[in-house]
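Engineer: Data file coords.cif (mmCIF, C-alpha atoms and all ligand atoms) is appended below.
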```
data_data
loop_
_atom_site.group_PDB
_atom_site.id
_atom_site.type_symbol
_atom_site.label_atom_id
_atom_site.label_comp_id
_atom_site.auth_asym_id
_atom_site.auth_seq_id
_atom_site.Cartn_x
_atom_site.Cartn_y
_atom_site.Cartn_z
ATOM 1 C CA MET A 18 0.000 0.000 0.000
ATOM 2 C CA ALA A 19 1.303 3.454 -0.896
ATOM 3 C CA MET A 20 2.446 5.468 2.107
ATOM 4 C CA SER A 21 -0.091 8.222 1.296
ATOM 5 C CA GLU A 22 -2.964 5.736 1.679
ATOM 6 C CA ARG A 23 -1.897 4.730 5.163
ATOM 7 C CA ARG A 24 -3.490 5.963 8.356
ATOM 8 C CA PHE A 25 -1.532 5.803 11.609
ATOM 9 C CA LEU A 26 -3.340 5.505 14.921
ATOM 10 C CA PHE A 27 -1.120 6.518 17.850
ATOM 11 C CA LEU A 28 -2.452 5.151 21.133
ATOM 12 C CA VAL A 29 -0.704 6.988 23.964
ATOM 13 C CA ALA A 30 -0.749 4.915 27.143
ATOM 14 C CA SER A 31 1.330 7.130 29.475
ATOM 15 C CA ALA A 32 -0.446 8.147 32.670
ATOM 16 C CA ARG A 33 0.770 11.700 32.181
ATOM 17 C CA ARG A 34 0.811 14.263 29.388
ATOM 18 C CA GLU A 35 3.903 15.100 27.350
ATOM 19 C CA GLY A 36 5.893 12.228 28.723
ATOM 20 C CA ASN A 37 8.993 10.682 27.195
ATOM 21 C CA THR A 38 7.116 8.101 25.186
ATOM 22 C CA GLU A 39 4.962 10.659 23.423
ATOM 23 C CA THR A 40 8.046 12.815 22.790
ATOM 24 C CA LEU A 41 9.803 9.892 21.120
ATOM 25 C CA ALA A 42 6.726 8.872 19.149
ATOM 26 C CA ARG A 43 6.146 12.437 17.915
ATOM 27 C CA LYS A 44 9.737 12.549 16.736
ATOM 28 C CA ALA A 45 9.154 9.331 14.784
ATOM 29 C CA ALA A 46 5.821 10.583 13.412
ATOM 30 C CA ALA A 47 7.467 13.781 12.194
ATOM 31 C CA SER A 48 9.330 11.766 9.584
ATOM 32 C CA LEU A 49 6.131 10.450 8.027
ATOM 33 C CA PRO A 50 5.261 12.096 4.728
ATOM 34 C CA SER A 51 2.894 15.003 5.310
ATOM 35 C CA ASP A 52 0.027 13.372 3.399
ATOM 36 C CA VAL A 53 -0.057 10.334 5.696
ATOM 37 C CA LYS A 54 -3.107 10.551 7.927
ATOM 38 C CA ARG A 55 -2.528 10.265 11.638
ATOM 39 C CA GLN A 56 -4.695 10.216 14.722
ATOM 40 C CA TRP A 57 -3.485 10.568 18.311
ATOM 41 C CA ILE A 58 -5.565 9.217 21.179
ATOM 42 C CA HIS A 59 -4.605 9.447 24.848
ATOM 43 C CA LEU A 60 -6.058 6.322 26.346
ATOM 44 C CA ASP A 61 -6.277 7.764 29.871
ATOM 45 C CA GLU A 62 -8.407 10.593 28.515
ATOM 46 C CA THR A 63 -10.600 8.160 26.589
ATOM 47 C CA PRO A 64 -11.552 5.855 29.449
ATOM 48 C CA LEU A 65 -13.289 2.551 28.910
ATOM 49 C CA PRO A 66 -15.564 0.849 31.424
ATOM 50 C CA ARG A 67 -14.375 -2.243 33.241
ATOM 51 C CA PHE A 68 -14.065 -5.092 30.757
ATOM 52 C CA GLU A 69 -16.449 -7.971 31.310
ATOM 53 C CA ASP A 70 -15.828 -11.457 29.961
ATOM 54 C CA ILE A 71 -19.199 -12.759 28.786
ATOM 55 C CA ARG A 72 -17.831 -15.217 26.236
ATOM 56 C CA HIS A 73 -19.307 -18.263 27.886
ATOM 57 C CA HIS A 74 -22.689 -16.917 28.896
ATOM 58 C CA GLY A 75 -25.484 -19.032 27.452
ATOM 59 C CA GLY A 76 -27.607 -18.350 24.373
ATOM 60 C CA LYS A 77 -27.232 -14.963 22.757
ATOM 61 C CA ASN A 78 -25.938 -13.498 26.009
ATOM 62 C CA ASN A 79 -22.384 -14.074 24.832
ATOM 63 C CA GLN A 80 -22.713 -11.428 22.128
ATOM 64 C CA TYR A 81 -21.247 -8.095 23.044
ATOM 65 C CA PRO A 82 -23.553 -5.136 22.369
ATOM 66 C CA ASP A 83 -22.865 -2.521 19.742
ATOM 67 C CA PRO A 84 -20.124 -0.288 21.215
ATOM 68 C CA GLU A 85 -21.015 3.243 22.302
ATOM 69 C CA GLY A 86 -19.133 6.314 23.506
ATOM 70 C CA ASN A 87 -15.375 5.952 23.908
ATOM 71 C CA GLU A 88 -15.555 2.288 23.044
ATOM 72 C CA ARG A 89 -17.201 3.156 19.711
ATOM 73 C CA LEU A 90 -14.586 5.832 19.060
ATOM 74 C CA LEU A 91 -11.718 3.456 19.767
ATOM 75 C CA LEU A 92 -13.239 0.686 17.678
ATOM 76 C CA ASP A 93 -13.886 3.003 14.726
ATOM 77 C CA GLU A 94 -10.392 4.500 14.877
ATOM 78 C CA THR A 95 -8.865 1.044 15.181
ATOM 79 C CA LEU A 96 -10.745 -0.199 12.152
ATOM 80 C CA SER A 97 -9.931 2.890 10.070
ATOM 81 C CA ALA A 98 -6.204 2.646 10.776
ATOM 82 C CA THR A 99 -3.742 0.759 8.629
ATOM 83 C CA ASP A 100 -1.056 1.131 11.295
ATOM 84 C CA ILE A 101 -1.587 0.916 15.040
ATOM 85 C CA VAL A 102 1.190 2.374 17.149
ATOM 86 C CA PHE A 103 1.309 1.604 20.849
ATOM 87 C CA VAL A 104 2.972 4.623 22.443
ATOM 88 C CA THR A 105 3.596 2.991 25.748
ATOM 89 C CA PRO A 106 5.941 3.454 28.686
ATOM 90 C CA LEU A 107 7.087 0.355 30.497
ATOM 91 C CA TYR A 108 5.080 -0.103 33.701
ATOM 92 C CA TRP A 109 6.175 -2.989 35.885
ATOM 93 C CA TYR A 110 7.845 -4.650 32.919
ATOM 94 C CA SER A 111 4.554 -4.687 31.064
ATOM 95 C CA LEU A 112 1.856 -2.569 29.424
ATOM 96 C CA PRO A 113 0.187 0.267 31.347
ATOM 97 C CA SER A 114 -3.341 -0.705 32.371
ATOM 98 C CA SER A 115 -4.968 1.678 29.855
ATOM 99 C CA ALA A 116 -3.276 -0.111 26.962
ATOM 100 C CA LYS A 117 -4.077 -3.507 28.413
ATOM 101 C CA LEU A 118 -7.735 -2.564 28.904
ATOM 102 C CA TYR A 119 -7.930 -1.339 25.306
ATOM 103 C CA MET A 120 -6.538 -4.695 24.181
ATOM 104 C CA ASP A 121 -8.986 -6.587 26.382
ATOM 105 C CA TYR A 122 -11.713 -4.888 24.393
ATOM 106 C CA TRP A 123 -10.388 -6.554 21.257
ATOM 107 C CA SER A 124 -11.795 -9.725 22.765
ATOM 108 C CA ALA A 125 -15.229 -8.050 22.896
ATOM 109 C CA TRP A 126 -14.935 -6.599 19.402
ATOM 110 C CA LEU A 127 -14.208 -10.089 18.077
ATOM 111 C CA ARG A 128 -17.732 -10.921 19.204
ATOM 112 C CA VAL A 129 -19.725 -7.852 18.185
ATOM 113 C CA PRO A 130 -22.115 -9.047 15.471
ATOM 114 C CA GLY A 131 -21.390 -7.561 12.064
ATOM 115 C CA VAL A 132 -17.924 -6.215 12.863
ATOM 116 C CA ASP A 133 -15.803 -9.139 11.658
ATOM 117 C CA PHE A 134 -13.001 -7.706 13.757
ATOM 118 C CA LYS A 135 -10.354 -10.353 13.132
ATOM 119 C CA LYS A 136 -10.784 -10.188 9.377
ATOM 120 C CA GLN A 137 -10.596 -6.411 9.440
ATOM 121 C CA MET A 138 -7.486 -6.381 11.622
ATOM 122 C CA ALA A 139 -5.617 -8.880 9.458
ATOM 123 C CA GLY A 140 -2.930 -7.184 7.416
ATOM 124 C CA LYS A 141 -2.765 -4.046 9.524
ATOM 125 C CA LYS A 142 0.627 -3.227 11.001
ATOM 126 C CA MET A 143 1.364 -2.966 14.704
ATOM 127 C CA TRP A 144 4.233 -0.898 16.094
ATOM 128 C CA ALA A 145 5.571 -0.133 19.564
ATOM 129 C CA VAL A 146 7.258 2.998 20.839
ATOM 130 C CA CYS A 147 8.341 2.367 24.401
ATOM 131 C CA VAL A 148 10.337 4.326 26.986
ATOM 132 C CA LEU A 149 11.626 2.813 30.195
ATOM 133 C CA ALA A 150 13.761 4.080 33.063
ATOM 134 C CA ASP A 151 15.943 0.993 33.089
ATOM 135 C CA GLU A 152 19.064 1.258 30.977
ATOM 136 C CA ASP A 153 18.672 -2.310 29.756
ATOM 137 C CA PRO A 154 16.157 -2.316 26.878
ATOM 138 C CA LYS A 155 15.709 -6.067 27.340
ATOM 139 C CA ARG A 156 13.543 -5.227 30.353
ATOM 140 C CA ALA A 157 10.834 -4.273 27.829
ATOM 141 C CA GLU A 158 10.824 -7.756 26.321
ATOM 142 C CA LEU A 159 7.645 -8.890 28.102
ATOM 143 C CA LEU A 160 5.721 -5.848 26.854
ATOM 144 C CA LEU A 161 7.005 -6.417 23.326
ATOM 145 C CA THR A 162 6.203 -10.113 23.426
ATOM 146 C CA THR A 163 2.643 -9.312 24.519
ATOM 147 C CA LEU A 164 2.202 -6.998 21.566
ATOM 148 C CA ARG A 165 3.939 -9.227 19.034
ATOM 149 C CA HIS A 166 1.929 -12.288 20.009
ATOM 150 C CA SER A 167 -1.301 -10.298 19.921
ATOM 151 C CA ALA A 168 -0.451 -8.987 16.462
ATOM 152 C CA GLU A 169 0.263 -12.499 15.291
ATOM 153 C CA TYR A 170 -3.004 -13.791 16.755
ATOM 154 C CA MET A 171 -4.904 -11.116 14.848
ATOM 155 C CA GLY A 172 -3.059 -11.781 11.607
ATOM 156 C CA MET A 173 -1.394 -8.382 11.824
ATOM 157 C CA GLU A 174 2.139 -7.597 10.744
ATOM 158 C CA TRP A 175 4.740 -6.479 13.242
ATOM 159 C CA GLY A 176 6.168 -3.125 12.150
ATOM 160 C CA GLY A 177 8.927 -2.896 14.743
ATOM 161 C CA GLU A 178 9.795 -1.398 18.079
ATOM 162 C CA LEU A 179 11.511 1.824 19.007
ATOM 163 C CA ILE A 180 12.882 1.819 22.526
ATOM 164 C CA GLY A 181 14.082 4.846 24.459
ATOM 165 C CA ASN A 182 15.435 5.491 27.911
ATOM 166 C CA GLY A 183 14.189 8.056 30.397
ATOM 167 C CA SER A 184 12.526 8.638 33.725
ATOM 168 C CA LYS A 185 11.314 12.219 34.136
ATOM 169 C CA PRO A 186 9.685 14.029 31.193
ATOM 170 C CA GLY A 187 12.256 15.218 28.687
ATOM 171 C CA ASP A 188 14.880 12.616 29.642
ATOM 172 C CA VAL A 189 14.461 10.770 26.369
ATOM 173 C CA LEU A 190 15.752 13.816 24.505
ATOM 174 C CA ASN A 191 19.156 12.894 25.942
ATOM 175 C CA ASP A 192 18.936 9.392 24.497
ATOM 176 C CA THR A 193 20.523 10.389 21.226
ATOM 177 C CA ARG A 194 20.489 6.893 19.776
ATOM 178 C CA ALA A 195 16.731 6.617 20.298
ATOM 179 C CA MET A 196 16.071 10.094 18.963
ATOM 180 C CA GLU A 197 18.144 9.380 15.864
ATOM 181 C CA ALA A 198 16.538 5.981 15.345
ATOM 182 C CA ALA A 199 13.130 7.691 15.562
ATOM 183 C CA GLU A 200 13.895 9.598 12.387
ATOM 184 C CA HIS A 201 13.996 6.367 10.364
ATOM 185 C CA PHE A 202 11.572 4.274 12.347
ATOM 186 C CA PHE A 203 8.419 4.403 10.230
ATOM 187 C CA VAL A 204 10.064 5.378 6.995
ATOM 188 C CA SER A 205 12.346 2.367 6.932
ATOM 189 C CA SER A 206 9.255 0.152 6.831
ATOM 190 C CA SER A 207 8.842 1.059 3.194
ATOM 191 C CA VAL A 208 12.031 -0.820 2.258
ATOM 192 C CA PRO A 209 11.771 -4.563 1.680
ATOM 193 C CA ALA A 210 11.657 -6.945 4.599
ATOM 194 C CA GLY A 211 15.106 -7.724 5.867
ATOM 195 C CA THR A 212 16.646 -4.355 5.117
ATOM 196 C CA ARG A 213 15.248 -2.723 8.234
ATOM 197 C CA PHE A 214 17.613 -0.863 10.447
ATOM 198 C CA ILE A 215 19.217 -2.353 13.501
ATOM 199 C CA VAL A 216 21.212 0.124 15.530
ATOM 200 C CA GLY A 217 24.791 -0.704 16.429
ATOM 201 C CA SER A 218 24.690 -4.298 15.458
ATOM 202 C CA SER A 219 26.718 -6.534 13.221
ATOM 203 C CA GLN A 220 23.361 -8.066 12.405
ATOM 204 C CA PHE A 221 22.738 -4.984 10.289
ATOM 205 C CA ARG A 222 25.477 -6.041 7.888
ATOM 206 C CA LYS A 223 24.064 -9.550 7.750
ATOM 207 C CA LEU A 224 20.600 -8.176 7.081
ATOM 208 C CA LEU A 225 21.880 -5.988 4.316
ATOM 209 C CA LEU A 226 23.645 -8.902 2.673
ATOM 210 C CA ARG A 227 20.656 -11.117 2.972
ATOM 211 C CA SER A 228 18.262 -8.471 1.736
ATOM 212 C CA LEU A 229 20.213 -8.447 -1.515
ATOM 213 C CA CYS A 230 19.062 -12.025 -1.879
ATOM 214 C CA GLY A 231 15.351 -11.287 -1.692
ATOM 215 C CA SER A 232 14.468 -14.774 -2.786
ATOM 216 C CA LEU A 233 16.329 -16.169 0.177
ATOM 217 C CA LEU A 234 14.093 -14.213 2.493
ATOM 218 C CA LYS A 235 10.934 -15.229 0.673
ATOM 219 C CA SER A 236 11.922 -18.868 0.888
ATOM 220 C CA GLY A 237 11.784 -18.834 4.644
ATOM 221 C CA SER A 238 15.112 -17.636 5.912
ATOM 222 C CA THR A 239 15.381 -17.454 9.674
ATOM 223 C CA LEU A 240 15.619 -13.687 9.416
ATOM 224 C CA SER A 241 12.666 -11.874 10.869
ATOM 225 C CA ALA A 242 10.800 -9.684 8.444
ATOM 226 C CA ASN A 243 10.126 -7.431 11.373
ATOM 227 C CA SER A 244 13.523 -6.437 12.478
ATOM 228 C CA THR A 245 14.163 -4.112 15.293
ATOM 229 C CA VAL A 246 15.004 -0.515 15.800
ATOM 230 C CA ARG A 247 16.373 -0.643 19.276
ATOM 231 C CA ALA A 248 18.083 2.271 20.914
HETATM 232 C C1 LIG A 301 3.596 2.732 37.455
HETATM 233 C C2 LIG A 301 4.980 2.814 36.884
HETATM 234 C C3 LIG A 301 5.704 1.652 36.699
HETATM 235 C C4 LIG A 301 6.972 1.688 36.115
HETATM 236 N N1 LIG A 301 7.624 0.518 35.913
HETATM 237 C C5 LIG A 301 8.836 0.538 35.306
HETATM 238 C C6 LIG A 301 9.530 -0.682 35.028
HETATM 239 O O1 LIG A 301 9.057 -1.775 35.288
HETATM 240 N N2 LIG A 301 10.748 -0.606 34.441
HETATM 241 C C7 LIG A 301 11.319 0.595 34.096
HETATM 242 O O2 LIG A 301 12.412 0.590 33.548
HETATM 243 N N3 LIG A 301 10.672 1.764 34.318
HETATM 244 C C8 LIG A 301 9.457 1.768 34.905
HETATM 245 N N4 LIG A 301 8.782 2.956 35.131
HETATM 246 C C9 LIG A 301 9.383 4.213 34.656
HETATM 247 C C10 LIG A 301 8.773 4.675 33.332
HETATM 248 O O3 LIG A 301 8.824 3.667 32.356
HETATM 249 C C11 LIG A 301 9.526 5.907 32.814
HETATM 250 O O4 LIG A 301 9.460 6.951 33.775
HETATM 251 C C12 LIG A 301 8.971 6.413 31.495
HETATM 252 O O5 LIG A 301 9.794 7.479 31.048
HETATM 253 C C13 LIG A 301 7.541 6.934 31.656
HETATM 254 O O6 LIG A 301 7.045 7.278 30.388
HETATM 255 P P1 LIG A 301 6.352 8.680 30.111
HETATM 256 O O7 LIG A 301 7.380 9.744 30.407
HETATM 257 O O8 LIG A 301 5.966 8.614 28.668
HETATM 258 O O9 LIG A 301 5.159 8.789 31.015
HETATM 259 C C14 LIG A 301 7.536 2.947 35.736
HETATM 260 C C15 LIG A 301 6.811 4.124 35.952
HETATM 261 C C16 LIG A 301 5.551 4.063 36.520
HETATM 262 C C17 LIG A 301 4.792 5.357 36.750
#
```
Please render this file's structure as structure tokens.
Structural biologist:
Amino acid sequence: MAMSERRFLFLVASARREGNTETLARKAAASLPSDVKRQWIHLDETPLPRFEDIRHHGGKNNQYPDPEGNERLLLDETLSATDIVFVTPLYWYSLPSSAKLYMDYWSAWLRVPGVDFKKQMAGKKMWAVCVLADEDPKRAELLLTTLRHSAEYMGMEWGGELIGNGSKPGDVLNDTRAMEAAEHFFVSSSVPAGTRFIVGSSQFRKLLLRSLCGSLLKSGSTLSANSTVRA
């Protein structure tokens, strides 16, 4: 799909305004071509009611009702997007509760008559922009695994992850590797799988070599099509 036809939904899960994660994500978004549509939603300011699991209620009682209010807004924006970007700090090695609650609602939307949620989500791209206070980016692995597995379950593609470091607002501006990586984060997705950018890694050279052999990739090389931008 041409870049100009894409629509990015940025779901900001920080429990404060103008935090590091949004700063990093806005830097990445700034590199998108100006005609790419984008929508920013702060999940804390778009609250959802408590999620109820009614999947195994009898009869027709296991059908979730037509969404209303914020739920409707989030469903409509999710369906309209081609790219869903989780703009999420690391909270206790995992997703903030607002992002998790939003994802719990996917389980409801799978069961809203007439929505065909899974079919509509298939082929969309999921991305993660994450900031954590810990200097070891591997501490975000659980959060990333949650998102990657969920994308896979929904038949979505994994766009990649952009990880920054910071504690108080503005700290991430000092993470020069993350800020620089942000400039290429979304744009590099338009190059073929396997040529994505890995910061400071000899894997980058391997990827480059292998990307020259496109057929190798298509025939099931062990290389991930969704390589990582990790700062
Ligand atoms: C509830 C809570 C839990 C946190 N848990 C972690 C954690 O597990 N690991 C970590 O490195 N930082 C943790 N942090 C620090 C945040 O990830 C860090 O301050 C980040 O910059 C916040 O993002 P924001 O500025 O976009 O709000 C936590 C912060 C909060 C408020």
Engineer: Given a cut-off of 7 Å, what residues near ligand LIG 301 (chain A) show up using only C-alpha atoms and all ligand atoms, put as a PyMOL selection string?
Structural biologist: chain A and resi 31-33+35-39+105-111+148-151+156+182-186
Engineer: Any chance you could resolve the PyMOL selection byres (((chain A and resi 88) around 9) and not hetatm) against this file and give the residues as a ChimeraX atom specification?
Structural biologist: /A:63-66,84-87,89-93,119,122
Engineer: Give me a file of those residues, with C-alpha atoms, as an mmCIF file, keeping the file's coordinate frame.
Structural biologist:
```cif
data_model
loop_
_atom_site.group_PDB
_atom_site.id
_atom_site.type_symbol
_atom_site.label_atom_id
_atom_site.label_comp_id
_atom_site.auth_asym_id
_atom_site.auth_seq_id
_atom_site.Cartn_x
_atom_site.Cartn_y
_atom_site.Cartn_z
ATOM 1 C CA THR A 63 -10.600 8.160 26.589
ATOM 2 C CA PRO A 64 -11.552 5.855 29.449
ATOM 3 C CA LEU A 65 -13.289 2.551 28.910
ATOM 4 C CA PRO A 66 -15.564 0.849 31.424
ATOM 5 C CA PRO A 84 -20.124 -0.288 21.215
ATOM 6 C CA GLU A 85 -21.015 3.243 22.302
ATOM 7 C CA GLY A 86 -19.133 6.314 23.506
ATOM 8 C CA ASN A 87 -15.375 5.952 23.908
ATOM 9 C CA ARG A 89 -17.201 3.156 19.711
ATOM 10 C CA LEU A 90 -14.586 5.832 19.060
ATOM 11 C CA LEU A 91 -11.718 3.456 19.767
ATOM 12 C CA LEU A 92 -13.239 0.686 17.678
ATOM 13 C CA ASP A 93 -13.886 3.003 14.726
ATOM 14 C CA TYR A 119 -7.930 -1.339 25.306
ATOM 15 C CA TYR A 122 -11.713 -4.888 24.393
#
```
Engineer: Applied to the shown file, which residues does the PyMOL selection byres (((chain A and resi 49) around 10) and not hetatm) return, written as a list in words?
Structural biologist: Met20, Ser21, Phe25, Lys44, Ala45, Ala46, Ala47, Ser48, Pro50, Ser51, Asp52, Val53, Lys54, Arg55, Glu200, His201, Phe202, Phe203 and Val204 of chain A
Engineer: Would you pick out the contacts of A:Val102 at 7 Å or less, using all atoms listed in the file, so that residues sharing its chain but fewer than 4 positions from it are not included, and give the list as JSON, numbers by chain?
Structural biologist: {"A": [26, 27, 28, 143, 144, 145]}
Engineer: Keeping only C-alpha atoms, take the residues you just selected and write them out as a PDB file, in the coordinates of the input.
Structural biologist:
```pdb
ATOM      1  CA  LEU A  26      -3.340   5.505  14.921  1.00  0.00           C
ATOM      2  CA  PHE A  27      -1.120   6.518  17.850  1.00  0.00           C
ATOM      3  CA  LEU A  28      -2.452   5.151  21.133  1.00  0.00           C
ATOM      4  CA  MET A 143       1.364  -2.966  14.704  1.00  0.00           C
ATOM      5  CA  TRP A 144       4.233  -0.898  16.094  1.00  0.00           C
ATOM      6  CA  ALA A 145       5.571  -0.133  19.564  1.00  0.00           C
TER       7      ALA A 145
END
```
Engineer: Find the distance between atom CA of A:Lys117 and atom CA of A:Val104 and write it in Å to one decimal.
Structural biologist: 12.3 Å
Engineer: Can you measure atom CA of A:Trp57 to atom CA of A:Cys147 for me? One decimal in Å is fine.
Structural biologist: 15.6 Å
Engineer: Here is a test: counting only C-alpha atoms, which residue of A:Phe103, A:Tyr81, A:Trp123, A:Phe134 is nearest to A:Glu178?
Structural biologist: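 Residue with the minimum atom-to-atom distance to A:Glu178: A:Phe103.
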Engineer: Smallest atom-to-atom distance to A:Ser124: which of A:Arg24, A:Arg72, A:His59, A:Arg194, using all atoms listed in the file?
Structural biologist: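 With all atoms listed in the file as the atom set, the closest residue is A:Arg72.
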Engineer: As a check of understanding, name the residues that the PyMOL selection byres (((chain A and resi 142) around 12) and not hetatm) selects in the supplied structure, as number ranges by chain.
Structural biologist: A: 18, 23-26, 95-96, 98-103, 137-141, 143-145, 164-165, 167-169, 171-178, 203, 206, 243
Engineer: Would you compute, for all listed atoms of stretch 98-101 of chain A, the axis-aligned bounding box grown by 6 Å on each side, and then report its centre and edge lengths in Å rounded to one decimal, as JSON?
Structural biologist:
```
{"center_x": -3.6, "center_y": 1.7, "center_z": 11.8, "size_x": 17.1, "size_y": 13.9, "size_z": 18.4}
```
Engineer: Taking into account only C-alpha atoms, which residue in the set A:Val146, A:Ala125, A:Leu118, A:Val132 is nearest to A:Leu160?
Structural biologist: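 Counting only C-alpha atoms, the residue closest to A:Leu160 is A:Val146.
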Engineer: Any idea what the distance is between atom CA of A:Val29 and atom CA of A:Ile58?
Structural biologist: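 Result for atom CA of A:Val29 versus atom CA of A:Ile58: 6.0 Å, one decimal.
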Engineer: Would you mind completing stretch 142-156 of chain A so that it carries N, CA and C atoms, and writing it out as a CSV table (one decimal), keeping the file's coordinate frame?
Structural biologist:
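Generated file (selection.csv):
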```
chain,number,residue,atom,x,y,z
A,142,LYS,N,-0.7,-3.1,10.4
A,142,LYS,CA,0.6,-3.2,11.0
A,142,LYS,C,0.6,-2.7,12.4
A,143,MET,N,1.2,-3.4,13.3
A,143,MET,CA,1.4,-3.0,14.7
A,143,MET,C,2.8,-2.5,15.0
A,144,TRP,N,2.9,-1.4,15.7
A,144,TRP,CA,4.2,-0.9,16.1
A,144,TRP,C,4.3,-0.6,17.6
A,145,ALA,N,5.4,-0.5,18.2
A,145,ALA,CA,5.6,-0.1,19.6
A,145,ALA,C,6.6,0.9,19.7
A,146,VAL,N,6.3,2.0,20.4
A,146,VAL,CA,7.3,3.0,20.8
A,146,VAL,C,7.2,2.9,22.4
A,147,CYS,N,8.3,2.6,23.0
A,147,CYS,CA,8.3,2.4,24.4
A,147,CYS,C,9.5,3.1,25.1
A,148,VAL,N,9.3,3.7,26.2
A,148,VAL,CA,10.3,4.3,27.0
A,148,VAL,C,10.3,3.7,28.4
A,149,LEU,N,11.5,3.4,28.9
A,149,LEU,CA,11.6,2.8,30.2
A,149,LEU,C,12.8,3.5,30.9
A,150,ALA,N,12.7,3.4,32.3
A,150,ALA,CA,13.8,4.1,33.1
A,150,ALA,C,15.0,3.2,33.1
A,151,ASP,N,14.8,1.9,33.0
A,151,ASP,CA,15.9,1.0,33.1
A,151,ASP,C,16.9,1.2,31.9
A,152,GLU,N,18.2,1.1,32.1
A,152,GLU,CA,19.1,1.3,31.0
A,152,GLU,C,19.1,0.0,30.1
A,153,ASP,N,18.6,-1.1,30.6
A,153,ASP,CA,18.7,-2.3,29.8
A,153,ASP,C,17.4,-2.5,29.0
A,154,PRO,N,17.4,-2.2,27.7
A,154,PRO,CA,16.2,-2.3,26.9
A,154,PRO,C,15.5,-3.7,26.9
A,155,LYS,N,16.3,-4.7,27.3
A,155,LYS,CA,15.7,-6.1,27.3
A,155,LYS,C,14.6,-6.2,28.4
A,156,ARG,N,14.6,-5.2,29.3
A,156,ARG,CA,13.5,-5.2,30.4
A,156,ARG,C,12.2,-5.0,29.7
```
